[in-house]
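**Q** Just passing along the structure, written as structure tokens.
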Amino acid sequence: MQTLMNMARNNMRQYSMIIALVFIMLLFQVLTDGILLEPLNITNIILQNSYILVLAIGMVLVIITGHIDLSVGSIAAFVGAISGMLMVTYNVPTFLAVIISLLIGALIGAWQGFWIAYVKIPAFIVTLAGMLLFRGLTMIVLEGQSIAPFPESFKKMSSGFIPDISAGGSLHILTIIIGLLLSLILIFNEVKNRRTQLKYGFEVTPSGIFITKLIAFFAIINVFAYILALYEGIPNILIILGILIIVYTFVMRKTVVGRHIYAIGGNEKAAQLSGVKTKKVTFLVFVNMGVLSALSGLIFAARLNAATPRAGNLFELDAIAACFIGGASAYGGIGTLPGAIIGGLVMGIMNNGMSIIGLGIDWQQAIKGLVLLAAVAFDIYNKNKAL
Amino acid sequence: MSEILLEMKSITKEFPGVKALENVNLKVKKGEIHALMGENGAGKSTLMKVLSGVYPIGTYTGDILFENNVCEFKNIKQSEDLGIVIIHQELALVPDLSIAENIFLGNEQAPKGFINWNETIHKTTKLLSQVGLTESPTTLISNIGVGKQQLVEIAKALSKQVKLLILDEPTAALNENDSENLLNLLIELKNQGMTAIIISHKLNEIIKVADSITILRDGQTIETLDVHSGDINEDRIIKGMVGRDLTNRYPSRTPKIGDVIFEVEDWNVYHPQHRERKMLDNINLHIKKGEIVGIAGLMGAGRTELAMSIFGKVYGQKITGTVKINGKEVQLNDVSQAIRNGLAYVSEDRKGNGLILMDDIRKNISLPSLPKISKNNVINDNQEIIEAESFRKKLNIKTPSVWQIVGNLSGGNQQKVVLSKWIFSGPEILILDEPTRGIDVGAKFEIYTIINQLANEGKGVLVISSELPEILGICDRTYVMSEGRITGEVDRKDATQENLMKYMTKSRG
């Protein structure tokens, strides 16, 4: 019982996030008369939020190191414009254009990372400058016009679905199979982990709870896959997103560089004196942010099927809000990747739900603002109580 | 003289799961300096927080009588209005404001809502002369040293018509001169009729200034001693604090000294911002295997700067000179290189430079040694837990598990985490900068034991310390620094406080 209480307390924040997400989903499920969780709408939510979630992945790393990036929306727009120029104006092959675009993102990240990590200019200022700079450059590249349409192969990235093995059926079979496989791999991994921990004689989750957890995992993944299969199956973008989430979660949790990123945000001086190359790691975090901003810009351009000067407007704020709702600390050192994703989903589902019930954009903004404040206030309240 | 100014009766304060104070009684007479002593975690600070209203009425049980009136403070403001002022260990001054602005912060001389600067400056000048400072009231706090900042805090307290001044570890960050100054000032203020409560770990200081001593242990009052009654000495106080006789404050050890393991030759370092300012001037030193070498010196002598310039050139610029390990010259251009070459540096600023307070023990211990417990950059977290757990047991870190957040540990336990962290990194040479600062007597003994053990394993240990008894107690040989130079080298058999002090104060001829 003691361990149970401890576990609940330690993971309070994560559980409360998930509970909040479920609550918001149920709320809008009722308010929208069941439209929210319809297969078509679920697919839509994924497509609509993919570019914000990609940004949130990069942003949570930036925030964990104790910085912020205000320029991601402008970078996304700029890279979108460049990709438009390459693919539409100069007919560069899609694959090559995507690679060039991502490299440009990396370069921009390196540019900002240099000022932040090596010259020690506060990230707020560097990226505020970047926000203006790259918005301006976007308009210069586009000459104030939109570029369209993109080649079919590029559009597929944001609006396509994975092919099915047996055409014709109303159910997307491959999606179901992937869901099953994923959930089995996950369960296998969890069981293996628990075995090792038991072997070492560590305290583990009591088996009752463990099994319940596994069943819940299994159910969620497969129900989700089933819903997607009812429509067109897994969107391509979800595959990209899924890989990013898994890779980055692994990096942050299990690798040396992940630990170094947390250490820098926790206490930069102590990290430096422990042999962490603080400047280099900070620099790389911004390079990474640049690449993900570029990817986000590409996804958005592909979804819109146009590169526009206004693209990416306010993306940075949505991404930052996702991280903070997901439990990241503005002072650095604290935050998780799954948290940021859940935070992004909370925002995304609220946007979607409020749109369906016909709430104006004015009210949507106001409510989102309050939710952000409430989430962080709840966090701080919990922390104070814990002391 | 024997009138009672403050009486705290059966104070009990509980935190979730812990009884921090249990039926504590404290009587302070008017016009005395009353020392509150006890090991870390004995409840001294908690008691003072109850007194000053940080913990409001209702969160504790028991009575506070001040000038024979029952007090029920709801916040700090109310206790300050009665003349109870507390100066915390971490000074509460704003670095970018002037002395005058700081002294009257929250108490601005603004009769009509506008600040009367002439009045402010005038009053500040008077207060400063009272505490023996000659600085201009418009000097920024960031431009004066810690010792003077402490005096400004006292001036600030005086500006509030203080009747009872509480000082929490006032000399912890001060060097001997500044401490001496501060203590003399306290005695002078006492002679002018002020009452003070002082919390300190430094026994010699307490014996010098205090009239009575109340000892707390495990949240309970053990005894109140009258210093003037005669037979009060350091051992007597320690006995009260730890509950047993501590016959030897430094564990004994027979040094087994081997070959030279570490040499620094012709080491010159310039100030990181001012290119022309030479901070370290032609330093030469060596450490042998199994030897504990001390570096003594006053604050500002350049000891920490020396350590940090050697340890991966973290401090300074235009660094010249050579470092040899086992006779072979090595390059230590950044910290990770220094670690790979077998160096470890335990910082004097445990919280600021040594630990990541928001992380748990396990992560703090493994941080410099992650390559050791990972394969292809992937951390083996099971192994990490096992290693951390073994250090928790070996160094007796008093906490139920390695999942404990380091920020919640006491100073002594935090220091053990830092030591674990650096022992785990597998060094041959350890530089320990003020390894026992702010740590209670019992934990100090444990730290010394660990240091001895490291030396016995054949490692070279360099100990930087401001406490001369500590240098005398544990070091085989001591370098003395003054103004960025080594002014003396003293063997254990020749070392006395007097001759160390002589070298420490030797200035450039």
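Every chain in the structure tokens has a letter given in the order shown (A, B, ...), and although residue numbers restart at 1 in each chain, ligands are simply numbered from 1 in the order shown.
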Once you count only C-alpha atoms, what closest atom pair and distance in Å to one decimal does each residue of chain A within 10 Å of chain B have, with rows by chain and rising residue number, as JSON lines?

**A**
```
{"residue": "A:Asn193", "atom": "CA", "partner": "B:Asn382", "partner_atom": "CA", "distance": 9.7}
{"residue": "A:Thr196", "atom": "CA", "partner": "B:Asn382", "partner_atom": "CA", "distance": 8.2}
{"residue": "A:Gln197", "atom": "CA", "partner": "B:Asn382", "partner_atom": "CA", "distance": 7.2}
{"residue": "A:Tyr200", "atom": "CA", "partner": "B:Asn382", "partner_atom": "CA", "distance": 7.6}
{"residue": "A:Gly201", "atom": "CA", "partner": "B:Ile386", "partner_atom": "CA", "distance": 9.9}
{"residue": "A:Phe202", "atom": "CA", "partner": "B:Asn382", "partner_atom": "CA", "distance": 8.8}
{"residue": "A:Phe250", "atom": "CA", "partner": "B:Val378", "partner_atom": "CA", "distance": 9.0}
{"residue": "A:Val251", "atom": "CA", "partner": "B:Val378", "partner_atom": "CA", "distance": 8.2}
{"residue": "A:Arg253", "atom": "CA", "partner": "B:Ile379", "partner_atom": "CA", "distance": 8.7}
{"residue": "A:Lys254", "atom": "CA", "partner": "B:Ile379", "partner_atom": "CA", "distance": 5.3}
{"residue": "A:Thr255", "atom": "CA", "partner": "B:Val378", "partner_atom": "CA", "distance": 4.3}
{"residue": "A:Val256", "atom": "CA", "partner": "B:Asn377", "partner_atom": "CA", "distance": 5.4}
{"residue": "A:Val257", "atom": "CA", "partner": "B:Asn377", "partner_atom": "CA", "distance": 7.6}
{"residue": "A:Gly258", "atom": "CA", "partner": "B:Val378", "partner_atom": "CA", "distance": 9.5}
{"residue": "A:Arg259", "atom": "CA", "partner": "B:Leu367", "partner_atom": "CA", "distance": 7.8}
{"residue": "A:His260", "atom": "CA", "partner": "B:Leu367", "partner_atom": "CA", "distance": 7.9}
{"residue": "A:Tyr262", "atom": "CA", "partner": "B:Asp359", "partner_atom": "CA", "distance": 9.1}
{"residue": "A:Ala263", "atom": "CA", "partner": "B:Ile356", "partner_atom": "CA", "distance": 7.0}
{"residue": "A:Ile264", "atom": "CA", "partner": "B:Ile356", "partner_atom": "CA", "distance": 9.0}
{"residue": "A:Gly265", "atom": "CA", "partner": "B:Ile356", "partner_atom": "CA", "distance": 9.1}
{"residue": "A:Gly266", "atom": "CA", "partner": "B:Ile356", "partner_atom": "CA", "distance": 5.5}
{"residue": "A:Asn267", "atom": "CA", "partner": "B:Ile356", "partner_atom": "CA", "distance": 5.4}
{"residue": "A:Glu268", "atom": "CA", "partner": "B:Asn353", "partner_atom": "CA", "distance": 8.3}
{"residue": "A:Lys269", "atom": "CA", "partner": "B:Asn353", "partner_atom": "CA", "distance": 5.3}
{"residue": "A:Ala270", "atom": "CA", "partner": "B:Asn353", "partner_atom": "CA", "distance": 4.2}
{"residue": "A:Ala271", "atom": "CA", "partner": "B:Leu367", "partner_atom": "CA", "distance": 7.8}
{"residue": "A:Gln272", "atom": "CA", "partner": "B:Val335", "partner_atom": "CA", "distance": 7.2}
{"residue": "A:Leu273", "atom": "CA", "partner": "B:Val335", "partner_atom": "CA", "distance": 6.3}
{"residue": "A:Ser274", "atom": "CA", "partner": "B:Pro368", "partner_atom": "CA", "distance": 4.8}
{"residue": "A:Gly275", "atom": "CA", "partner": "B:Ser336", "partner_atom": "CA", "distance": 4.2}
{"residue": "A:Val276", "atom": "CA", "partner": "B:Ser336", "partner_atom": "CA", "distance": 7.0}
{"residue": "A:Lys277", "atom": "CA", "partner": "B:Ser336", "partner_atom": "CA", "distance": 7.8}
{"residue": "A:Gly333", "atom": "CA", "partner": "B:Met358", "partner_atom": "CA", "distance": 7.8}
{"residue": "A:Ile334", "atom": "CA", "partner": "B:Met358", "partner_atom": "CA", "distance": 8.4}
{"residue": "A:Ala386", "atom": "CA", "partner": "B:Pro16", "partner_atom": "CA", "distance": 9.5}
{"residue": "A:Leu387", "atom": "CA", "partner": "B:Asn408", "partner_atom": "CA", "distance": 8.8}
```

**Q** Print the selection's residues with N, CA and C atoms to a file, as a CSV table (one decimal), in the first residue's frame.

**A**
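part-v8.csv written:
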```csv
chain,number,residue,atom,x,y,z
A,193,ASN,N,11.2,-5.7,-18.9
A,193,ASN,CA,11.7,-4.8,-17.9
A,193,ASN,C,11.5,-5.2,-16.5
A,196,THR,N,13.7,-8.0,-15.3
A,196,THR,CA,15.1,-7.6,-15.0
A,196,THR,C,15.1,-6.9,-13.6
A,197,GLN,N,14.1,-6.1,-13.4
A,197,GLN,CA,14.0,-5.4,-12.2
A,197,GLN,C,13.8,-6.3,-11.0
A,200,TYR,N,17.1,-8.0,-10.2
A,200,TYR,CA,18.0,-7.1,-9.4
A,200,TYR,C,17.4,-6.9,-8.0
A,201,GLY,N,16.2,-7.4,-7.7
A,201,GLY,CA,15.6,-7.2,-6.4
A,201,GLY,C,15.1,-5.8,-6.2
A,202,PHE,N,14.7,-5.1,-7.2
A,202,PHE,CA,14.1,-3.7,-7.0
A,202,PHE,C,12.7,-3.8,-6.7
A,250,PHE,N,13.0,7.9,-26.1
A,250,PHE,CA,14.1,7.0,-25.8
A,250,PHE,C,15.3,7.8,-25.5
A,251,VAL,N,15.6,8.8,-26.4
A,251,VAL,CA,16.8,9.6,-26.2
A,251,VAL,C,16.8,10.3,-24.9
A,253,ARG,N,15.1,9.6,-22.2
A,253,ARG,CA,15.0,8.8,-21.0
A,253,ARG,C,16.2,7.9,-20.7
A,254,LYS,N,16.8,7.4,-21.8
A,254,LYS,CA,17.8,6.4,-21.7
A,254,LYS,C,19.2,6.7,-22.1
A,255,THR,N,19.4,7.8,-22.8
A,255,THR,CA,20.7,8.0,-23.3
A,255,THR,C,21.5,9.1,-22.5
A,256,VAL,N,22.8,9.1,-22.8
A,256,VAL,CA,23.7,10.0,-22.1
A,256,VAL,C,23.3,11.4,-22.5
A,257,VAL,N,23.1,11.7,-23.7
A,257,VAL,CA,22.8,13.0,-24.2
A,257,VAL,C,21.5,13.5,-23.6
A,258,GLY,N,20.5,12.6,-23.4
A,258,GLY,CA,19.3,13.0,-22.8
A,258,GLY,C,19.5,13.5,-21.4
A,259,ARG,N,20.3,12.7,-20.7
A,259,ARG,CA,20.6,13.0,-19.3
A,259,ARG,C,21.4,14.3,-19.2
A,260,HIS,N,22.2,14.6,-20.2
A,260,HIS,CA,23.0,15.8,-20.2
A,260,HIS,C,22.0,17.0,-20.4
A,262,TYR,N,18.9,17.3,-19.5
A,262,TYR,CA,18.2,17.5,-18.2
A,262,TYR,C,19.2,18.2,-17.2
A,263,ALA,N,20.4,17.7,-17.2
A,263,ALA,CA,21.4,18.3,-16.2
A,263,ALA,C,21.7,19.7,-16.5
A,264,ILE,N,21.8,20.1,-17.7
A,264,ILE,CA,22.0,21.5,-18.0
A,264,ILE,C,20.9,22.4,-17.5
A,265,GLY,N,19.6,21.9,-17.8
A,265,GLY,CA,18.5,22.7,-17.3
A,265,GLY,C,18.4,22.7,-15.8
A,266,GLY,N,18.8,21.6,-15.1
A,266,GLY,CA,18.7,21.5,-13.7
A,266,GLY,C,19.7,22.5,-13.0
A,267,ASN,N,21.0,22.5,-13.5
A,267,ASN,CA,22.0,23.4,-12.9
A,267,ASN,C,23.2,23.4,-13.9
A,268,GLU,N,23.2,24.4,-14.7
A,268,GLU,CA,24.2,24.4,-15.8
A,268,GLU,C,25.6,24.4,-15.2
A,269,LYS,N,25.8,25.1,-14.1
A,269,LYS,CA,27.2,25.2,-13.6
A,269,LYS,C,27.6,23.8,-13.1
A,270,ALA,N,26.7,23.1,-12.4
A,270,ALA,CA,27.1,21.8,-11.8
A,270,ALA,C,27.3,20.8,-13.0
A,271,ALA,N,26.5,21.0,-14.0
A,271,ALA,CA,26.6,20.1,-15.2
A,271,ALA,C,28.0,20.3,-15.8
A,272,GLN,N,28.4,21.5,-16.0
A,272,GLN,CA,29.6,21.8,-16.6
A,272,GLN,C,30.8,21.2,-15.8
A,273,LEU,N,30.7,21.4,-14.4
A,273,LEU,CA,31.7,20.9,-13.6
A,273,LEU,C,31.7,19.4,-13.5
A,274,SER,N,30.6,18.7,-14.0
A,274,SER,CA,30.6,17.3,-14.0
A,274,SER,C,31.0,16.7,-15.4
A,275,GLY,N,31.5,17.6,-16.2
A,275,GLY,CA,32.0,17.1,-17.5
A,275,GLY,C,31.0,17.2,-18.6
A,276,VAL,N,29.9,17.8,-18.4
A,276,VAL,CA,28.9,17.9,-19.5
A,276,VAL,C,29.4,19.1,-20.4
A,277,LYS,N,29.4,18.9,-21.7
A,277,LYS,CA,29.8,20.0,-22.6
A,277,LYS,C,28.6,20.8,-22.8
A,333,GLY,N,15.1,22.0,-16.6
A,333,GLY,CA,15.4,20.8,-15.9
A,333,GLY,C,14.2,19.8,-15.7
A,334,ILE,N,13.0,20.3,-15.9
A,334,ILE,CA,11.8,19.4,-15.7
A,334,ILE,C,11.0,19.4,-17.0
A,386,ALA,N,3.8,19.5,-1.9
A,386,ALA,CA,4.7,18.4,-1.7
A,386,ALA,C,5.8,18.8,-0.8
A,387,LEU,N,6.1,20.1,-0.6
A,387,LEU,CA,7.3,20.5,0.2
A,387,LEU,C,7.0,20.4,1.7
```

**Q** Considering only strand (DSSP E) as DSSP defines it on the backbone, what residues of stretch 171-323 of chain B qualify? List them as an MDAnalysis selection string.

**A** chainID B and resid 195:199 212:217 220:226 260:270 278:288 292:297 317:323

**Q** Enumerate, in order of chain and increasing residue number, the residues of stretch 158-253 of chain A with an atom no farther than 9 Å from stretch 53-62 of chain A, each with its shortest atom pair and distance in Å to one decimal, counting only C-alpha atoms, as JSON lines.

**A**
```
{"residue": "A:Leu241", "atom": "CA", "partner": "A:Val54", "partner_atom": "CA", "distance": 6.9}
{"residue": "A:Leu244", "atom": "CA", "partner": "A:Val54", "partner_atom": "CA", "distance": 7.9}
{"residue": "A:Ile245", "atom": "CA", "partner": "A:Ile57", "partner_atom": "CA", "distance": 7.4}
{"residue": "A:Tyr248", "atom": "CA", "partner": "A:Ile57", "partner_atom": "CA", "distance": 7.6}
{"residue": "A:Met252", "atom": "CA", "partner": "A:Leu61", "partner_atom": "CA", "distance": 8.5}
```

**Q** Could you write out that same residue set with C-alpha atoms as a compact mmCIF listing (two decimals), in the first residue's frame?

**A**
```
# COMPACT_ATOMS: atom_id res chain seq x y z
CA LEU A 241 5.05 11.40 -35.66
CA LEU A 244 9.71 10.84 -33.69
CA ILE A 245 7.92 10.35 -30.37
CA TYR A 248 12.96 11.22 -28.76
CA MET A 252 15.58 11.70 -23.31
```
